[in-house]
Amino acid sequence: MEEFLIGLSGFALGWLFCRTVWKGRSDSTRFVAEKLNRDVDEAEMRYLECLRRELANEMMAEDTETTYQVFHKMRQYEKDLKKDGKQRIDADFKSICMKYPSFQEFDPFGTRHFIDYQDARSSMDISDLVDRYSDISQFLIINAARKNLPWELFDDKEAEQLNKAIRKRKDRVFRKRMLDAMGRYHVLMRALRNVRAGDDVRDYDDGVVSVRPVSVEYSPGIG
């Protein structure tokens, strides 16, 4: 009887020990799984952020005004979504997931490392870029809203940076056009130096820059 009780006690202690060890392993496994899920989710969001940045750069290069409009359209969407609450968040989330069943389908270019980027880009016009940029932005906004994240995708800082970027791009384009026009003008002036007085001088017009003589009465106001 005594041996039986000793054996029973040993079995109970062993069972408790094994249960404790198994529970520890189970908790550890659950922790690892949860961390992996968080890492995968973060990687997927970063992937979408990269696609969104690519699209924004392409739009800026082609049409700054359209970029400005779609930015503020999505900014208003973000504000409205938070006001409307969970019902709209769930509905919009379901809608965007049906449109893009997998993350790879968000990629508008579908490029591979051996395919020229511009070849893939050339098949899309500005409206295609805007649509995909809007969809990716919508998904990122919804994802943040579903997780109650405190940050905004389209905040005041982003709007300010966009305004600066647009001004810089417009300045660069204007400067390039001005320098190009002056270059063409100087070519014309060098050519006119060899024209004798009284010769018929034709107007210069290459479709971009036009130079022609005009009759101007000089006065102190126009000096």
# chains A, B, ... in the order shown; residues from 1 in each chain; ligands from 1

$ residues_around --residues "stretch 96-108 of chain A" --least-positions-apart "3" --cutoff "9 Å" --atoms "only C-alpha atoms" --output "list in words"
Glu44, Tyr47, Leu48, Leu51, Leu55, Ala91, Asp92, Phe93, Thr111, Ala120, Arg121, Met124, Asp128, Leu129, Arg132, Asp135, Ile136, Gln138 and Phe139 of chain A

$ closest_atom_pairs --of "stretch 35-152 of chain A" --to "stretch 163-184 of chain A" --cutoff "10 Å" --atoms "only C-alpha atoms" --output "JSON lines"
{"residue": "A:Met60", "atom": "CA", "partner": "A:Ile166", "partner_atom": "CA", "distance": 7.7}
{"residue": "A:Ala61", "atom": "CA", "partner": "A:Arg169", "partner_atom": "CA", "distance": 8.3}
{"residue": "A:Asp63", "atom": "CA", "partner": "A:Ile166", "partner_atom": "CA", "distance": 9.7}
{"residue": "A:Thr64", "atom": "CA", "partner": "A:Ile166", "partner_atom": "CA", "distance": 6.2}
{"residue": "A:Glu65", "atom": "CA", "partner": "A:Ile166", "partner_atom": "CA", "distance": 8.4}
{"residue": "A:Thr67", "atom": "CA", "partner": "A:Ile166", "partner_atom": "CA", "distance": 9.1}
{"residue": "A:Tyr68", "atom": "CA", "partner": "A:Asn163", "partner_atom": "CA", "distance": 8.1}

$ write_last_selection --atoms "all heavy atoms" --output "short mmCIF file (atom, residue, chain, number, x, y, z; two decimals), in the first residue's frame"
data_model
loop_
_atom_site.label_atom_id
_atom_site.label_comp_id
_atom_site.auth_asym_id
_atom_site.auth_seq_id
_atom_site.Cartn_x
_atom_site.Cartn_y
_atom_site.Cartn_z
N MET A 60 3.43 62.64 -59.76
CA MET A 60 4.06 63.95 -59.64
C MET A 60 4.82 64.31 -60.91
O MET A 60 4.83 65.45 -61.35
CB MET A 60 4.99 63.97 -58.44
CG MET A 60 4.30 64.13 -57.11
SD MET A 60 3.71 65.82 -56.82
CE MET A 60 5.26 66.65 -56.46
N ALA A 61 5.49 63.33 -61.49
CA ALA A 61 6.26 63.58 -62.71
C ALA A 61 5.37 63.92 -63.88
O ALA A 61 5.78 64.65 -64.79
CB ALA A 61 7.12 62.35 -63.04
N ASP A 63 1.73 64.93 -63.60
CA ASP A 63 0.67 65.93 -63.41
C ASP A 63 0.57 66.29 -61.93
O ASP A 63 -0.06 65.59 -61.14
CB ASP A 63 -0.67 65.37 -63.91
CG ASP A 63 -1.76 66.43 -63.98
OD1 ASP A 63 -1.65 67.45 -63.28
OD2 ASP A 63 -2.73 66.22 -64.73
N THR A 64 1.20 67.41 -61.55
CA THR A 64 1.18 67.82 -60.14
C THR A 64 -0.21 68.22 -59.68
O THR A 64 -0.57 67.98 -58.52
CB THR A 64 2.15 68.99 -59.91
OG1 THR A 64 1.82 70.06 -60.81
CG2 THR A 64 3.59 68.56 -60.13
N GLU A 65 -0.99 68.81 -60.54
CA GLU A 65 -2.33 69.26 -60.14
C GLU A 65 -3.22 68.06 -59.81
O GLU A 65 -3.96 68.07 -58.81
CB GLU A 65 -2.97 70.08 -61.27
CG GLU A 65 -4.32 70.68 -60.90
CD GLU A 65 -4.25 71.64 -59.72
OE1 GLU A 65 -3.21 72.29 -59.55
OE2 GLU A 65 -5.24 71.70 -58.96
N THR A 67 -2.16 65.14 -58.83
CA THR A 67 -1.62 64.57 -57.59
C THR A 67 -2.17 65.32 -56.38
O THR A 67 -2.56 64.71 -55.38
CB THR A 67 -0.08 64.64 -57.59
OG1 THR A 67 0.41 64.01 -58.77
CG2 THR A 67 0.49 63.96 -56.35
N TYR A 68 -2.20 66.63 -56.47
CA TYR A 68 -2.72 67.46 -55.37
C TYR A 68 -4.19 67.12 -55.10
O TYR A 68 -4.61 66.97 -53.95
CB TYR A 68 -2.57 68.94 -55.74
CG TYR A 68 -3.07 69.89 -54.69
CD1 TYR A 68 -2.23 70.32 -53.66
CD2 TYR A 68 -4.37 70.38 -54.73
CE1 TYR A 68 -2.69 71.20 -52.70
CE2 TYR A 68 -4.84 71.27 -53.76
CZ TYR A 68 -3.98 71.68 -52.75
OH TYR A 68 -4.45 72.54 -51.79
#

$ closest_residue --among "A:Thr66, A:Gln87, A:Gln76, A:Gln161" --to "A:Tyr133" --atoms "only C-alpha atoms"
A:Thr66

$ closest_residue --among "A:Ile142, A:Glu49, A:Val70, A:Ala56" --to "A:Ser95" --atoms "only C-alpha atoms"
A:Ile142

$ atom_distance --atom1 "atom CA of A:Ile126" --atom2 "atom CA of A:Met59"
6.6 Å

$ atom_distance --atom1 "atom CA of A:Cys50" --atom2 "atom CA of A:Gly85"
27.7 Å

$ select_by_dssp --residues "stretch 58-174 of chain A" --states "helix (DSSP H, G or I)" --output "ChimeraX atom specification"
/A:58-62,64-84,86-99,103-106,117-121,126-146,156-174

$ select_by_dssp --residues "stretch 67-216 of chain A" --states "strand (DSSP E)" --output "list of chain:residue names"
A:Tyr204, A:Asp205, A:Ser210, A:Val211

$ write_last_selection --atoms "all heavy atoms" --output "short mmCIF file (atom, residue, chain, number, x, y, z; two decimals), in the first residue's frame"
data_model
loop_
_atom_site.label_atom_id
_atom_site.label_comp_id
_atom_site.auth_asym_id
_atom_site.auth_seq_id
_atom_site.Cartn_x
_atom_site.Cartn_y
_atom_site.Cartn_z
N TYR A 204 11.38 83.80 -86.53
CA TYR A 204 11.84 82.50 -85.99
C TYR A 204 10.70 81.85 -85.22
O TYR A 204 10.08 82.47 -84.35
CB TYR A 204 13.04 82.70 -85.06
CG TYR A 204 13.50 81.43 -84.39
CD1 TYR A 204 14.30 80.53 -85.07
CD2 TYR A 204 13.10 81.11 -83.09
CE1 TYR A 204 14.73 79.35 -84.48
CE2 TYR A 204 13.52 79.93 -82.49
CZ TYR A 204 14.33 79.06 -83.19
OH TYR A 204 14.74 77.89 -82.60
N ASP A 205 10.39 80.60 -85.58
CA ASP A 205 9.32 79.88 -84.88
C ASP A 205 9.59 78.38 -85.04
O ASP A 205 9.52 77.85 -86.13
CB ASP A 205 7.96 80.23 -85.47
CG ASP A 205 6.81 79.68 -84.62
OD1 ASP A 205 7.08 78.80 -83.77
OD2 ASP A 205 5.67 80.12 -84.79
N SER A 210 8.88 81.48 -80.32
CA SER A 210 8.60 82.31 -81.48
C SER A 210 9.20 83.70 -81.26
O SER A 210 8.98 84.32 -80.22
CB SER A 210 7.08 82.42 -81.69
OG SER A 210 6.80 83.32 -82.76
N VAL A 211 10.02 84.15 -82.24
CA VAL A 211 10.62 85.49 -82.18
C VAL A 211 10.27 86.22 -83.48
O VAL A 211 10.54 85.71 -84.56
CB VAL A 211 12.15 85.42 -82.01
CG1 VAL A 211 12.73 86.84 -81.91
CG2 VAL A 211 12.52 84.61 -80.77
#

$ decode --residues "stretch 156-169 of chain A" --atoms "all heavy atoms" --output "PDB file, in the first residue's frame"
ATOM      1  N   ASP A 156      -1.395  66.922 -41.570  1.00  0.00           N
ATOM      2  CA  ASP A 156      -0.979  68.274 -41.963  1.00  0.00           C
ATOM      3  C   ASP A 156       0.465  68.300 -42.468  1.00  0.00           C
ATOM      4  O   ASP A 156       0.790  69.037 -43.411  1.00  0.00           O
ATOM      5  CB  ASP A 156      -1.130  69.235 -40.781  1.00  0.00           C
ATOM      6  CG  ASP A 156      -2.581  69.454 -40.393  1.00  0.00           C
ATOM      7  OD1 ASP A 156      -3.460  69.229 -41.248  1.00  0.00           O
ATOM      8  OD2 ASP A 156      -2.841  69.848 -39.243  1.00  0.00           O
ATOM      9  N   LYS A 157       1.314  67.499 -41.834  1.00  0.00           N
ATOM     10  CA  LYS A 157       2.716  67.474 -42.246  1.00  0.00           C
ATOM     11  C   LYS A 157       2.865  66.956 -43.669  1.00  0.00           C
ATOM     12  O   LYS A 157       3.645  67.487 -44.467  1.00  0.00           O
ATOM     13  CB  LYS A 157       3.524  66.604 -41.279  1.00  0.00           C
ATOM     14  CG  LYS A 157       5.019  66.633 -41.539  1.00  0.00           C
ATOM     15  CD  LYS A 157       5.772  65.823 -40.484  1.00  0.00           C
ATOM     16  CE  LYS A 157       7.283  65.868 -40.746  1.00  0.00           C
ATOM     17  NZ  LYS A 157       8.035  65.082 -39.731  1.00  0.00           N
ATOM     18  N   GLU A 158       2.110  65.899 -43.990  1.00  0.00           N
ATOM     19  CA  GLU A 158       2.146  65.362 -45.351  1.00  0.00           C
ATOM     20  C   GLU A 158       1.661  66.399 -46.361  1.00  0.00           C
ATOM     21  O   GLU A 158       2.225  66.541 -47.445  1.00  0.00           O
ATOM     22  CB  GLU A 158       1.270  64.108 -45.434  1.00  0.00           C
ATOM     23  CG  GLU A 158       1.877  62.879 -44.779  1.00  0.00           C
ATOM     24  CD  GLU A 158       2.990  62.285 -45.625  1.00  0.00           C
ATOM     25  OE1 GLU A 158       2.746  61.912 -46.776  1.00  0.00           O
ATOM     26  OE2 GLU A 158       4.121  62.217 -45.119  1.00  0.00           O
ATOM     27  N   ALA A 159       0.589  67.115 -46.012  1.00  0.00           N
ATOM     28  CA  ALA A 159       0.041  68.142 -46.913  1.00  0.00           C
ATOM     29  C   ALA A 159       1.055  69.255 -47.148  1.00  0.00           C
ATOM     30  O   ALA A 159       1.216  69.749 -48.278  1.00  0.00           O
ATOM     31  CB  ALA A 159      -1.253  68.709 -46.334  1.00  0.00           C
ATOM     32  N   GLU A 160       1.750  69.639 -46.100  1.00  0.00           N
ATOM     33  CA  GLU A 160       2.761  70.692 -46.224  1.00  0.00           C
ATOM     34  C   GLU A 160       3.911  70.242 -47.113  1.00  0.00           C
ATOM     35  O   GLU A 160       4.393  70.996 -47.967  1.00  0.00           O
ATOM     36  CB  GLU A 160       3.284  71.066 -44.835  1.00  0.00           C
ATOM     37  CG  GLU A 160       4.306  72.188 -44.838  1.00  0.00           C
ATOM     38  CD  GLU A 160       4.818  72.515 -43.446  1.00  0.00           C
ATOM     39  OE1 GLU A 160       4.248  72.001 -42.456  1.00  0.00           O
ATOM     40  OE2 GLU A 160       5.804  73.279 -43.352  1.00  0.00           O
ATOM     41  N   GLN A 161       4.353  68.985 -46.928  1.00  0.00           N
ATOM     42  CA  GLN A 161       5.432  68.444 -47.757  1.00  0.00           C
ATOM     43  C   GLN A 161       5.023  68.359 -49.222  1.00  0.00           C
ATOM     44  O   GLN A 161       5.832  68.608 -50.127  1.00  0.00           O
ATOM     45  CB  GLN A 161       5.845  67.062 -47.244  1.00  0.00           C
ATOM     46  CG  GLN A 161       6.551  67.069 -45.902  1.00  0.00           C
ATOM     47  CD  GLN A 161       7.874  67.812 -45.931  1.00  0.00           C
ATOM     48  OE1 GLN A 161       8.589  67.761 -46.930  1.00  0.00           O
ATOM     49  NE2 GLN A 161       8.203  68.494 -44.852  1.00  0.00           N
ATOM     50  N   LEU A 162       3.772  68.002 -49.449  1.00  0.00           N
ATOM     51  CA  LEU A 162       3.284  67.929 -50.834  1.00  0.00           C
ATOM     52  C   LEU A 162       3.325  69.304 -51.492  1.00  0.00           C
ATOM     53  O   LEU A 162       3.759  69.443 -52.641  1.00  0.00           O
ATOM     54  CB  LEU A 162       1.854  67.385 -50.858  1.00  0.00           C
ATOM     55  CG  LEU A 162       1.174  67.395 -52.235  1.00  0.00           C
ATOM     56  CD1 LEU A 162       1.901  66.480 -53.211  1.00  0.00           C
ATOM     57  CD2 LEU A 162      -0.294  66.985 -52.114  1.00  0.00           C
ATOM     58  N   ASN A 163       2.873  70.329 -50.775  1.00  0.00           N
ATOM     59  CA  ASN A 163       2.888  71.690 -51.321  1.00  0.00           C
ATOM     60  C   ASN A 163       4.315  72.121 -51.678  1.00  0.00           C
ATOM     61  O   ASN A 163       4.550  72.725 -52.734  1.00  0.00           O
ATOM     62  CB  ASN A 163       2.278  72.670 -50.320  1.00  0.00           C
ATOM     63  CG  ASN A 163       0.784  72.470 -50.152  1.00  0.00           C
ATOM     64  OD1 ASN A 163       0.118  71.932 -51.035  1.00  0.00           O
ATOM     65  ND2 ASN A 163       0.252  72.896 -49.017  1.00  0.00           N
ATOM     66  N   LYS A 164       5.265  71.809 -50.812  1.00  0.00           N
ATOM     67  CA  LYS A 164       6.662  72.155 -51.083  1.00  0.00           C
ATOM     68  C   LYS A 164       7.184  71.415 -52.306  1.00  0.00           C
ATOM     69  O   LYS A 164       7.878  71.987 -53.151  1.00  0.00           O
ATOM     70  CB  LYS A 164       7.530  71.823 -49.865  1.00  0.00           C
ATOM     71  CG  LYS A 164       7.324  72.750 -48.679  1.00  0.00           C
ATOM     72  CD  LYS A 164       8.241  72.355 -47.526  1.00  0.00           C
ATOM     73  CE  LYS A 164       8.050  73.272 -46.327  1.00  0.00           C
ATOM     74  NZ  LYS A 164       8.922  72.868 -45.176  1.00  0.00           N
ATOM     75  N   ALA A 165       6.859  70.122 -52.395  1.00  0.00           N
ATOM     76  CA  ALA A 165       7.329  69.312 -53.517  1.00  0.00           C
ATOM     77  C   ALA A 165       6.763  69.823 -54.842  1.00  0.00           C
ATOM     78  O   ALA A 165       7.465  69.863 -55.861  1.00  0.00           O
ATOM     79  CB  ALA A 165       6.934  67.854 -53.307  1.00  0.00           C
ATOM     80  N   ILE A 166       5.492  70.225 -54.833  1.00  0.00           N
ATOM     81  CA  ILE A 166       4.868  70.738 -56.056  1.00  0.00           C
ATOM     82  C   ILE A 166       5.509  72.056 -56.466  1.00  0.00           C
ATOM     83  O   ILE A 166       5.790  72.287 -57.654  1.00  0.00           O
ATOM     84  CB  ILE A 166       3.348  70.901 -55.854  1.00  0.00           C
ATOM     85  CG1 ILE A 166       2.677  69.523 -55.794  1.00  0.00           C
ATOM     86  CG2 ILE A 166       2.743  71.739 -56.975  1.00  0.00           C
ATOM     87  CD1 ILE A 166       1.192  69.577 -55.509  1.00  0.00           C
ATOM     88  N   ARG A 167       5.760  72.936 -55.499  1.00  0.00           N
ATOM     89  CA  ARG A 167       6.404  74.216 -55.824  1.00  0.00           C
ATOM     90  C   ARG A 167       7.794  73.997 -56.420  1.00  0.00           C
ATOM     91  O   ARG A 167       8.172  74.635 -57.411  1.00  0.00           O
ATOM     92  CB  ARG A 167       6.508  75.090 -54.569  1.00  0.00           C
ATOM     93  CG  ARG A 167       5.206  75.749 -54.156  1.00  0.00           C
ATOM     94  CD  ARG A 167       5.448  76.903 -53.192  1.00  0.00           C
ATOM     95  NE  ARG A 167       6.118  76.460 -51.977  1.00  0.00           N
ATOM     96  CZ  ARG A 167       5.493  76.046 -50.894  1.00  0.00           C
ATOM     97  NH1 ARG A 167       4.157  76.003 -50.881  1.00  0.00           N
ATOM     98  NH2 ARG A 167       6.160  75.671 -49.811  1.00  0.00           N
ATOM     99  N   LYS A 168       8.561  73.092 -55.823  1.00  0.00           N
ATOM    100  CA  LYS A 168       9.912  72.818 -56.324  1.00  0.00           C
ATOM    101  C   LYS A 168       9.867  72.255 -57.738  1.00  0.00           C
ATOM    102  O   LYS A 168      10.674  72.629 -58.593  1.00  0.00           O
ATOM    103  CB  LYS A 168      10.628  71.833 -55.397  1.00  0.00           C
ATOM    104  CG  LYS A 168      11.069  72.449 -54.075  1.00  0.00           C
ATOM    105  CD  LYS A 168      11.804  71.425 -53.221  1.00  0.00           C
ATOM    106  CE  LYS A 168      12.265  72.027 -51.905  1.00  0.00           C
ATOM    107  NZ  LYS A 168      12.962  71.017 -51.056  1.00  0.00           N
ATOM    108  N   ARG A 169       8.921  71.336 -57.977  1.00  0.00           N
ATOM    109  CA  ARG A 169       8.831  70.739 -59.313  1.00  0.00           C
ATOM    110  C   ARG A 169       8.431  71.787 -60.345  1.00  0.00           C
ATOM    111  O   ARG A 169       8.984  71.841 -61.447  1.00  0.00           O
ATOM    112  CB  ARG A 169       7.837  69.580 -59.310  1.00  0.00           C
ATOM    113  CG  ARG A 169       7.743  68.862 -60.645  1.00  0.00           C
ATOM    114  CD  ARG A 169       6.962  67.584 -60.506  1.00  0.00           C
ATOM    115  NE  ARG A 169       7.711  66.593 -59.756  1.00  0.00           N
ATOM    116  CZ  ARG A 169       8.632  65.797 -60.301  1.00  0.00           C
ATOM    117  NH1 ARG A 169       8.938  65.887 -61.579  1.00  0.00           N
ATOM    118  NH2 ARG A 169       9.241  64.901 -59.550  1.00  0.00           N
TER     119      ARG A 169
END
